[in-house]
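Structure first, then comments.
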Amino acid sequence: MQRYILQRLLLTIPTLLGVTAILFVMLRTMPGSIVELIAGDFGVGDEATRQAIMAEFGLDENWVVQYVKWSSQVARGDFGTSLMSGRPVMDELGHRLPVTFELGVLTILITTVVAIPIGVVSAIRQNTAADYVGRSVAIGFLAAPNFWIALLLIVVAGRYFVWAVPPTEYPTLTEDPISNLKFMVLPAVILGISSAGGVMRFTRSSMLEVLRQDYVRTAHAKGLRERVVITRHVLRNALIPVVTVIGSQIPFVVGGTIIIESIYSIPGMGRYYFTALGNLDFPIVQAIVLISAIVVILSNLLVDISYSWLDPRIRYD
């Protein structure tokens, strides 16, 4: 197991290098110029001002030199300096990263709690009223965009339910945990139900496949109670592909936070990424994408490791 984890971690190095190289080139081929944004209307025509700005942030060097310098800084844990604010990138993201992380964890938790029980009940009670309701709920979750649900709750439900109206200021988790959870739970629910539809349908199909296996019929023939058969023999084996689907939802959760954080004015990385991209703030965008790539890679590694816990027959030695 240790050798497998080490090999996977070593493979992340070329993956991250490829992600950063592609992103580095794409950002610099986008229309517009960060130098003009920094110089403003009065300094954009002054060549001396432009050259001074480019020299200050190292933009006067060729792309290869810029990429090598930035990569060496990242290897030391330094993501550079924001081109717009002039502050270190880690200072800019230091208080935004925990906010997005909290939203993502709550979203995955809600997705799991909602999707797996409904999918299991729908499979066990196939072609019954519970199954039809479960499938209808899954289709409804898949069909409704999360940004539309968020706007609907704010505009319509906010007139009748005070809890649907987001507070004007974001309460931090350390200062006021109760207010923070009240603020974060609704955006997390919106993101969670958007992901729950696909997980719900996949759980149902996986459960139905396992329920038709011979060892399940043998367990019933031995006289075991249905609850024991479902929990010990069916659910654990059916969860292996479901865990893969939940792990694959993490990139979509990260992407979905951009819209939800903007709607609910959540000071997280998603909202800041959208602002930095509009301002062509290369160091900020590169740092956020790199952090997101690391999260996705580590989540895939944890999903693979969880297989051996769900099915002891799976070994990585």
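By order in the structure tokens, chains are A, B, ...; within a chain, residues start at 1; ligands start at 1, following the order shown.
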
Counting only C-alpha atoms, which residues in range 256-283 of chain A sit no more than 12 Å from range 189-208 of chain A? For each one, give the nearest pair of atoms and the distance in Å, sorted by chain then residue number, as a Markdown table.
| residue | atom | partner | partner_atom | distance |
| --- | --- | --- | --- | --- |
| A:Gly256 | CA | A:Leu191 | CA | 7.1 |
| A:Thr257 | CA | A:Leu191 | CA | 7.9 |
| A:Ile258 | CA | A:Leu191 | CA | 11.1 |
| A:Ile259 | CA | A:Leu191 | CA | 10.2 |
| A:Ile260 | CA | A:Leu191 | CA | 8.0 |
| A:Glu261 | CA | A:Leu191 | CA | 10.7 |
| A:Ile263 | CA | A:Ile190 | CA | 11.7 |
| A:Tyr264 | CA | A:Ile190 | CA | 11.4 |

Those same residues - all heavy atoms - I'd like them written as a short mmCIF file (atom, residue, chain, number, x, y, z; two decimals), in the first residue's frame.
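Result went into selection31.cif, see below:
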data_model
loop_
_atom_site.label_atom_id
_atom_site.label_comp_id
_atom_site.auth_asym_id
_atom_site.auth_seq_id
_atom_site.Cartn_x
_atom_site.Cartn_y
_atom_site.Cartn_z
N GLY A 256 -18.70 24.77 -9.32
CA GLY A 256 -19.99 25.34 -8.97
C GLY A 256 -19.92 26.41 -7.91
O GLY A 256 -20.81 27.26 -7.82
N THR A 257 -18.84 26.40 -7.11
CA THR A 257 -18.73 27.41 -6.07
C THR A 257 -18.53 28.81 -6.64
O THR A 257 -18.81 29.79 -5.97
CB THR A 257 -17.55 27.09 -5.13
OG1 THR A 257 -16.35 27.01 -5.90
CG2 THR A 257 -17.77 25.79 -4.40
N ILE A 258 -18.04 28.91 -7.87
CA ILE A 258 -17.83 30.23 -8.48
C ILE A 258 -19.15 30.98 -8.57
O ILE A 258 -19.26 32.15 -8.20
CB ILE A 258 -17.19 30.09 -9.87
CG1 ILE A 258 -15.81 29.44 -9.76
CG2 ILE A 258 -17.08 31.44 -10.56
CD1 ILE A 258 -15.14 29.19 -11.09
N ILE A 259 -20.18 30.29 -9.05
CA ILE A 259 -21.49 30.93 -9.23
C ILE A 259 -22.17 31.14 -7.88
O ILE A 259 -22.69 32.23 -7.59
CB ILE A 259 -22.38 30.09 -10.16
CG1 ILE A 259 -21.71 29.94 -11.53
CG2 ILE A 259 -23.76 30.70 -10.30
CD1 ILE A 259 -22.44 29.04 -12.48
N ILE A 260 -22.18 30.10 -7.05
CA ILE A 260 -22.89 30.19 -5.77
C ILE A 260 -22.23 31.22 -4.86
O ILE A 260 -22.92 31.99 -4.17
CB ILE A 260 -22.93 28.81 -5.09
CG1 ILE A 260 -23.73 27.82 -5.94
CG2 ILE A 260 -23.54 28.91 -3.70
CD1 ILE A 260 -25.17 28.25 -6.17
N GLU A 261 -20.91 31.27 -4.83
CA GLU A 261 -20.22 32.26 -4.00
C GLU A 261 -20.51 33.67 -4.49
O GLU A 261 -20.59 34.61 -3.68
CB GLU A 261 -18.72 31.99 -4.01
CG GLU A 261 -18.31 30.79 -3.18
CD GLU A 261 -16.81 30.54 -3.19
OE1 GLU A 261 -16.10 31.34 -3.82
OE2 GLU A 261 -16.37 29.57 -2.57
N ILE A 263 -23.37 34.61 -6.01
CA ILE A 263 -24.77 34.91 -5.70
C ILE A 263 -24.94 35.25 -4.22
O ILE A 263 -25.64 36.21 -3.86
CB ILE A 263 -25.66 33.73 -6.10
CG1 ILE A 263 -25.68 33.58 -7.63
CG2 ILE A 263 -27.10 33.92 -5.58
CD1 ILE A 263 -26.45 32.37 -8.11
N TYR A 264 -24.30 34.47 -3.35
CA TYR A 264 -24.47 34.64 -1.90
C TYR A 264 -23.36 35.49 -1.27
O TYR A 264 -23.30 35.57 -0.04
CB TYR A 264 -24.52 33.28 -1.22
CG TYR A 264 -25.85 32.59 -1.38
CD1 TYR A 264 -26.06 31.68 -2.40
CD2 TYR A 264 -26.91 32.86 -0.52
CE1 TYR A 264 -27.28 31.05 -2.57
CE2 TYR A 264 -28.14 32.23 -0.67
CZ TYR A 264 -28.31 31.33 -1.70
OH TYR A 264 -29.52 30.71 -1.86
#

Quick one: everything within 12 Å of Leu109 in chain A, counting only C-alpha atoms, minus sequence neighbours fewer than 2 positions away in the same chain. Send it as an mmCIF file with N, CA and C atoms, in the first residue's frame.
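For reference, part_10.cif as written:
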data_model
loop_
_atom_site.group_PDB
_atom_site.id
_atom_site.type_symbol
_atom_site.label_atom_id
_atom_site.label_comp_id
_atom_site.auth_asym_id
_atom_site.auth_seq_id
_atom_site.Cartn_x
_atom_site.Cartn_y
_atom_site.Cartn_z
ATOM 1 N N GLU A 102 -14.713 24.674 3.397
ATOM 2 C CA GLU A 102 -15.888 24.383 4.224
ATOM 3 C C GLU A 102 -17.119 24.152 3.355
ATOM 4 N N LEU A 103 -17.310 25.000 2.350
ATOM 5 C CA LEU A 103 -18.458 24.848 1.460
ATOM 6 C C LEU A 103 -18.381 23.525 0.707
ATOM 7 N N GLY A 104 -17.186 23.146 0.252
ATOM 8 C CA GLY A 104 -17.038 21.894 -0.473
ATOM 9 C C GLY A 104 -17.299 20.678 0.393
ATOM 10 N N VAL A 105 -16.800 20.691 1.631
ATOM 11 C CA VAL A 105 -17.026 19.561 2.536
ATOM 12 C C VAL A 105 -18.510 19.414 2.860
ATOM 13 N N LEU A 106 -19.177 20.521 3.152
ATOM 14 C CA LEU A 106 -20.620 20.467 3.416
ATOM 15 C C LEU A 106 -21.393 19.963 2.199
ATOM 16 N N THR A 107 -20.962 20.364 1.009
ATOM 17 C CA THR A 107 -21.645 19.932 -0.209
ATOM 18 C C THR A 107 -21.524 18.433 -0.410
ATOM 19 N N THR A 111 -24.536 15.733 -0.308
ATOM 20 C CA THR A 111 -24.729 14.848 -1.458
ATOM 21 C C THR A 111 -24.797 13.390 -1.022
ATOM 22 N N THR A 112 -23.879 13.001 -0.150
ATOM 23 C CA THR A 112 -23.836 11.613 0.297
ATOM 24 C C THR A 112 -25.049 11.256 1.144
ATOM 25 N N VAL A 113 -25.396 12.131 2.078
ATOM 26 C CA VAL A 113 -26.512 11.852 2.985
ATOM 27 C C VAL A 113 -27.844 11.788 2.238
ATOM 28 N N VAL A 114 -28.004 12.602 1.218
ATOM 29 C CA VAL A 114 -29.262 12.629 0.476
ATOM 30 C C VAL A 114 -29.318 11.521 -0.573
ATOM 31 N N ALA A 115 -28.251 11.342 -1.335
ATOM 32 C CA ALA A 115 -28.296 10.479 -2.512
ATOM 33 C C ALA A 115 -28.293 8.992 -2.166
ATOM 34 N N ILE A 116 -27.405 8.569 -1.271
ATOM 35 C CA ILE A 116 -27.251 7.132 -1.022
ATOM 36 C C ILE A 116 -28.507 6.515 -0.392
ATOM 37 N N VAL A 185 -25.156 26.729 5.117
ATOM 38 C CA VAL A 185 -25.914 25.497 4.889
ATOM 39 C C VAL A 185 -26.790 25.597 3.641
ATOM 40 N N ALA A 188 -24.682 25.230 0.514
ATOM 41 C CA ALA A 188 -24.215 23.845 0.449
ATOM 42 C C ALA A 188 -25.333 22.901 0.028
ATOM 43 N N VAL A 189 -26.545 23.146 0.500
ATOM 44 C CA VAL A 189 -27.689 22.318 0.106
ATOM 45 C C VAL A 189 -27.962 22.462 -1.394
ATOM 46 N N LEU A 191 -25.820 23.282 -3.804
ATOM 47 C CA LEU A 191 -24.780 22.554 -4.530
ATOM 48 C C LEU A 191 -24.919 21.046 -4.325
ATOM 49 N N GLY A 192 -25.316 20.639 -3.110
ATOM 50 C CA GLY A 192 -25.414 19.219 -2.804
ATOM 51 C C GLY A 192 -26.490 18.507 -3.586
ATOM 52 N N ILE A 193 -27.670 19.121 -3.695
ATOM 53 C CA ILE A 193 -28.754 18.460 -4.425
ATOM 54 C C ILE A 193 -28.483 18.436 -5.926
ATOM 55 N N SER A 195 -25.579 17.783 -7.205
ATOM 56 C CA SER A 195 -24.732 16.607 -7.395
ATOM 57 C C SER A 195 -25.433 15.320 -6.987
ATOM 58 N N ALA A 196 -26.444 15.431 -6.125
ATOM 59 C CA ALA A 196 -27.088 14.234 -5.588
ATOM 60 C C ALA A 196 -27.884 13.477 -6.636
ATOM 61 N N ILE A 246 -18.844 9.804 -6.488
ATOM 62 C CA ILE A 246 -18.775 10.911 -5.526
ATOM 63 C C ILE A 246 -17.433 11.622 -5.633
ATOM 64 N N GLY A 247 -16.349 10.850 -5.795
ATOM 65 C CA GLY A 247 -15.043 11.464 -5.960
ATOM 66 C C GLY A 247 -14.948 12.302 -7.225
ATOM 67 N N GLN A 249 -17.281 13.999 -8.436
ATOM 68 C CA GLN A 249 -18.100 15.198 -8.281
ATOM 69 C C GLN A 249 -17.304 16.367 -7.714
ATOM 70 N N ILE A 250 -16.139 16.102 -7.141
ATOM 71 C CA ILE A 250 -15.365 17.169 -6.499
ATOM 72 C C ILE A 250 -14.984 18.277 -7.475
ATOM 73 N N VAL A 253 -17.975 20.409 -7.959
ATOM 74 C CA VAL A 253 -18.262 21.214 -6.768
ATOM 75 C C VAL A 253 -17.382 22.455 -6.748
#

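Using only C-alpha atoms, the shortest contact distance between Thr172 in chain A and any of A:Val137, A:Leu298, A:Met30, A:Ile266 is found at A:Ile266.
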
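Across the structure, CA of Phe274 in chain A and CA of Ser262 in chain A are spaced 8.8 Å apart.
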
Can you tell me which residues surround Tyr272 in chain A at a distance of at most 9 Å, considering only C-alpha atoms, apart from same-chain residues fewer than 4 positions away, and format the answer as a compact mmCIF listing (two decimals) with C-alpha atoms, in the first residue's frame?
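File around-v1.txt, as written:
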# COMPACT_ATOMS: atom_id res chain seq x y z
CA LEU A 93 -5.95 33.21 -0.49
CA ARG A 96 -10.52 32.49 1.28
CA ILE A 258 -17.83 30.23 -8.48
CA SER A 262 -21.02 35.17 -6.32
CA PRO A 267 -15.68 35.41 0.25
CA GLY A 268 -14.22 32.18 -1.08
CA ALA A 276 -8.90 37.68 -10.78
CA LEU A 277 -9.62 36.17 -14.18
CA ILE A 284 -3.90 34.47 -8.48
CA VAL A 285 -5.50 32.42 -11.26

Legend entry - Backbone DSSP call of alpha helix (DSSP H) for range 45-294 of chain A, listed as a count of residues only: 180

Inset, instruction - Find the residues around range 67-71 of chain A up to 8 Å (only C-alpha atoms counted), leave out those fewer than 5 positions away in its own chain, and share them as a ChimeraX atom specification. - result: /A:21,24,79-80

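Distance check against Pro251 in chain A using only C-alpha atoms: of A:Ser292, A:Ser306, A:Asn279, A:Gln73, the minimum falls on A:Ser292.
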
Spatial neighbours of Gly94 in chain A, 12 Å, only C-alpha atoms, chain gap at least 2 places, as an mmCIF file with N, CA and C atoms, in the first residue's frame:
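Writing done, so here's part.cif:
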data_model
loop_
_atom_site.group_PDB
_atom_site.id
_atom_site.type_symbol
_atom_site.label_atom_id
_atom_site.label_comp_id
_atom_site.auth_asym_id
_atom_site.auth_seq_id
_atom_site.Cartn_x
_atom_site.Cartn_y
_atom_site.Cartn_z
ATOM 1 N N PHE A 79 3.758 31.456 -4.076
ATOM 2 C CA PHE A 79 2.957 31.570 -5.295
ATOM 3 C C PHE A 79 3.083 32.950 -5.949
ATOM 4 N N ARG A 87 -0.005 42.344 -3.080
ATOM 5 C CA ARG A 87 0.178 41.538 -1.881
ATOM 6 C C ARG A 87 0.549 40.107 -2.259
ATOM 7 N N PRO A 88 1.210 39.365 -1.374
ATOM 8 C CA PRO A 88 1.509 37.956 -1.669
ATOM 9 C C PRO A 88 0.228 37.161 -1.924
ATOM 10 N N VAL A 89 0.332 36.235 -2.857
ATOM 11 C CA VAL A 89 -0.839 35.436 -3.232
ATOM 12 C C VAL A 89 -1.367 34.637 -2.049
ATOM 13 N N MET A 90 -0.478 34.068 -1.233
ATOM 14 C CA MET A 90 -0.921 33.266 -0.103
ATOM 15 C C MET A 90 -1.655 34.102 0.929
ATOM 16 N N ASP A 91 -1.290 35.382 1.048
ATOM 17 C CA ASP A 91 -2.040 36.261 1.947
ATOM 18 C C ASP A 91 -3.448 36.511 1.405
ATOM 19 N N GLU A 92 -3.553 36.636 0.071
ATOM 20 C CA GLU A 92 -4.862 36.858 -0.546
ATOM 21 C C GLU A 92 -5.761 35.630 -0.413
ATOM 22 N N ARG A 96 -9.474 32.911 2.223
ATOM 23 C CA ARG A 96 -10.517 32.485 1.277
ATOM 24 C C ARG A 96 -10.541 30.978 1.085
ATOM 25 N N LEU A 97 -9.370 30.344 1.180
ATOM 26 C CA LEU A 97 -9.296 28.900 1.009
ATOM 27 C C LEU A 97 -10.119 28.133 2.045
ATOM 28 N N PRO A 98 -10.065 28.455 3.345
ATOM 29 C CA PRO A 98 -10.915 27.718 4.301
ATOM 30 C C PRO A 98 -12.412 27.872 4.030
ATOM 31 N N VAL A 99 -12.829 29.014 3.493
ATOM 32 C CA VAL A 99 -14.248 29.231 3.214
ATOM 33 C C VAL A 99 -14.727 28.279 2.114
ATOM 34 N N THR A 100 -13.967 28.214 1.022
ATOM 35 C CA THR A 100 -14.328 27.309 -0.064
ATOM 36 C C THR A 100 -14.215 25.854 0.373
ATOM 37 N N PHE A 101 -13.206 25.545 1.187
ATOM 38 C CA PHE A 101 -13.051 24.177 1.688
ATOM 39 C C PHE A 101 -14.254 23.778 2.538
ATOM 40 N N PRO A 267 -17.060 35.029 0.563
ATOM 41 C CA PRO A 267 -15.676 35.414 0.252
ATOM 42 C C PRO A 267 -14.754 34.205 0.118
ATOM 43 N N GLY A 268 -15.020 33.368 -0.871
ATOM 44 C CA GLY A 268 -14.216 32.178 -1.075
ATOM 45 C C GLY A 268 -13.334 32.278 -2.300
ATOM 46 N N MET A 269 -12.675 31.165 -2.636
ATOM 47 C CA MET A 269 -11.764 31.160 -3.772
ATOM 48 C C MET A 269 -12.501 31.242 -5.099
ATOM 49 N N TYR A 272 -13.332 34.848 -5.865
ATOM 50 C CA TYR A 272 -12.090 35.589 -6.084
ATOM 51 C C TYR A 272 -11.432 35.174 -7.395
ATOM 52 N N ILE A 284 -2.728 34.935 -9.236
ATOM 53 C CA ILE A 284 -3.895 34.469 -8.477
ATOM 54 C C ILE A 284 -4.571 33.318 -9.199
ATOM 55 N N ALA A 287 -2.472 30.132 -9.087
ATOM 56 C CA ALA A 287 -2.446 29.520 -7.758
ATOM 57 C C ALA A 287 -3.752 28.774 -7.479
ATOM 58 N N ILE A 288 -4.883 29.381 -7.833
ATOM 59 C CA ILE A 288 -6.173 28.740 -7.566
ATOM 60 C C ILE A 288 -6.336 27.471 -8.389
#

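Reported to one decimal place, the separation of CA of Thr12 in chain A from CA of Ser72 in chain A is 16.5 Å.
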
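Proximity of A:Ala221, A:Leu290, A:Val74, A:Leu301 to Leu11 in chain A, computed with only C-alpha atoms, is greatest for A:Leu301.
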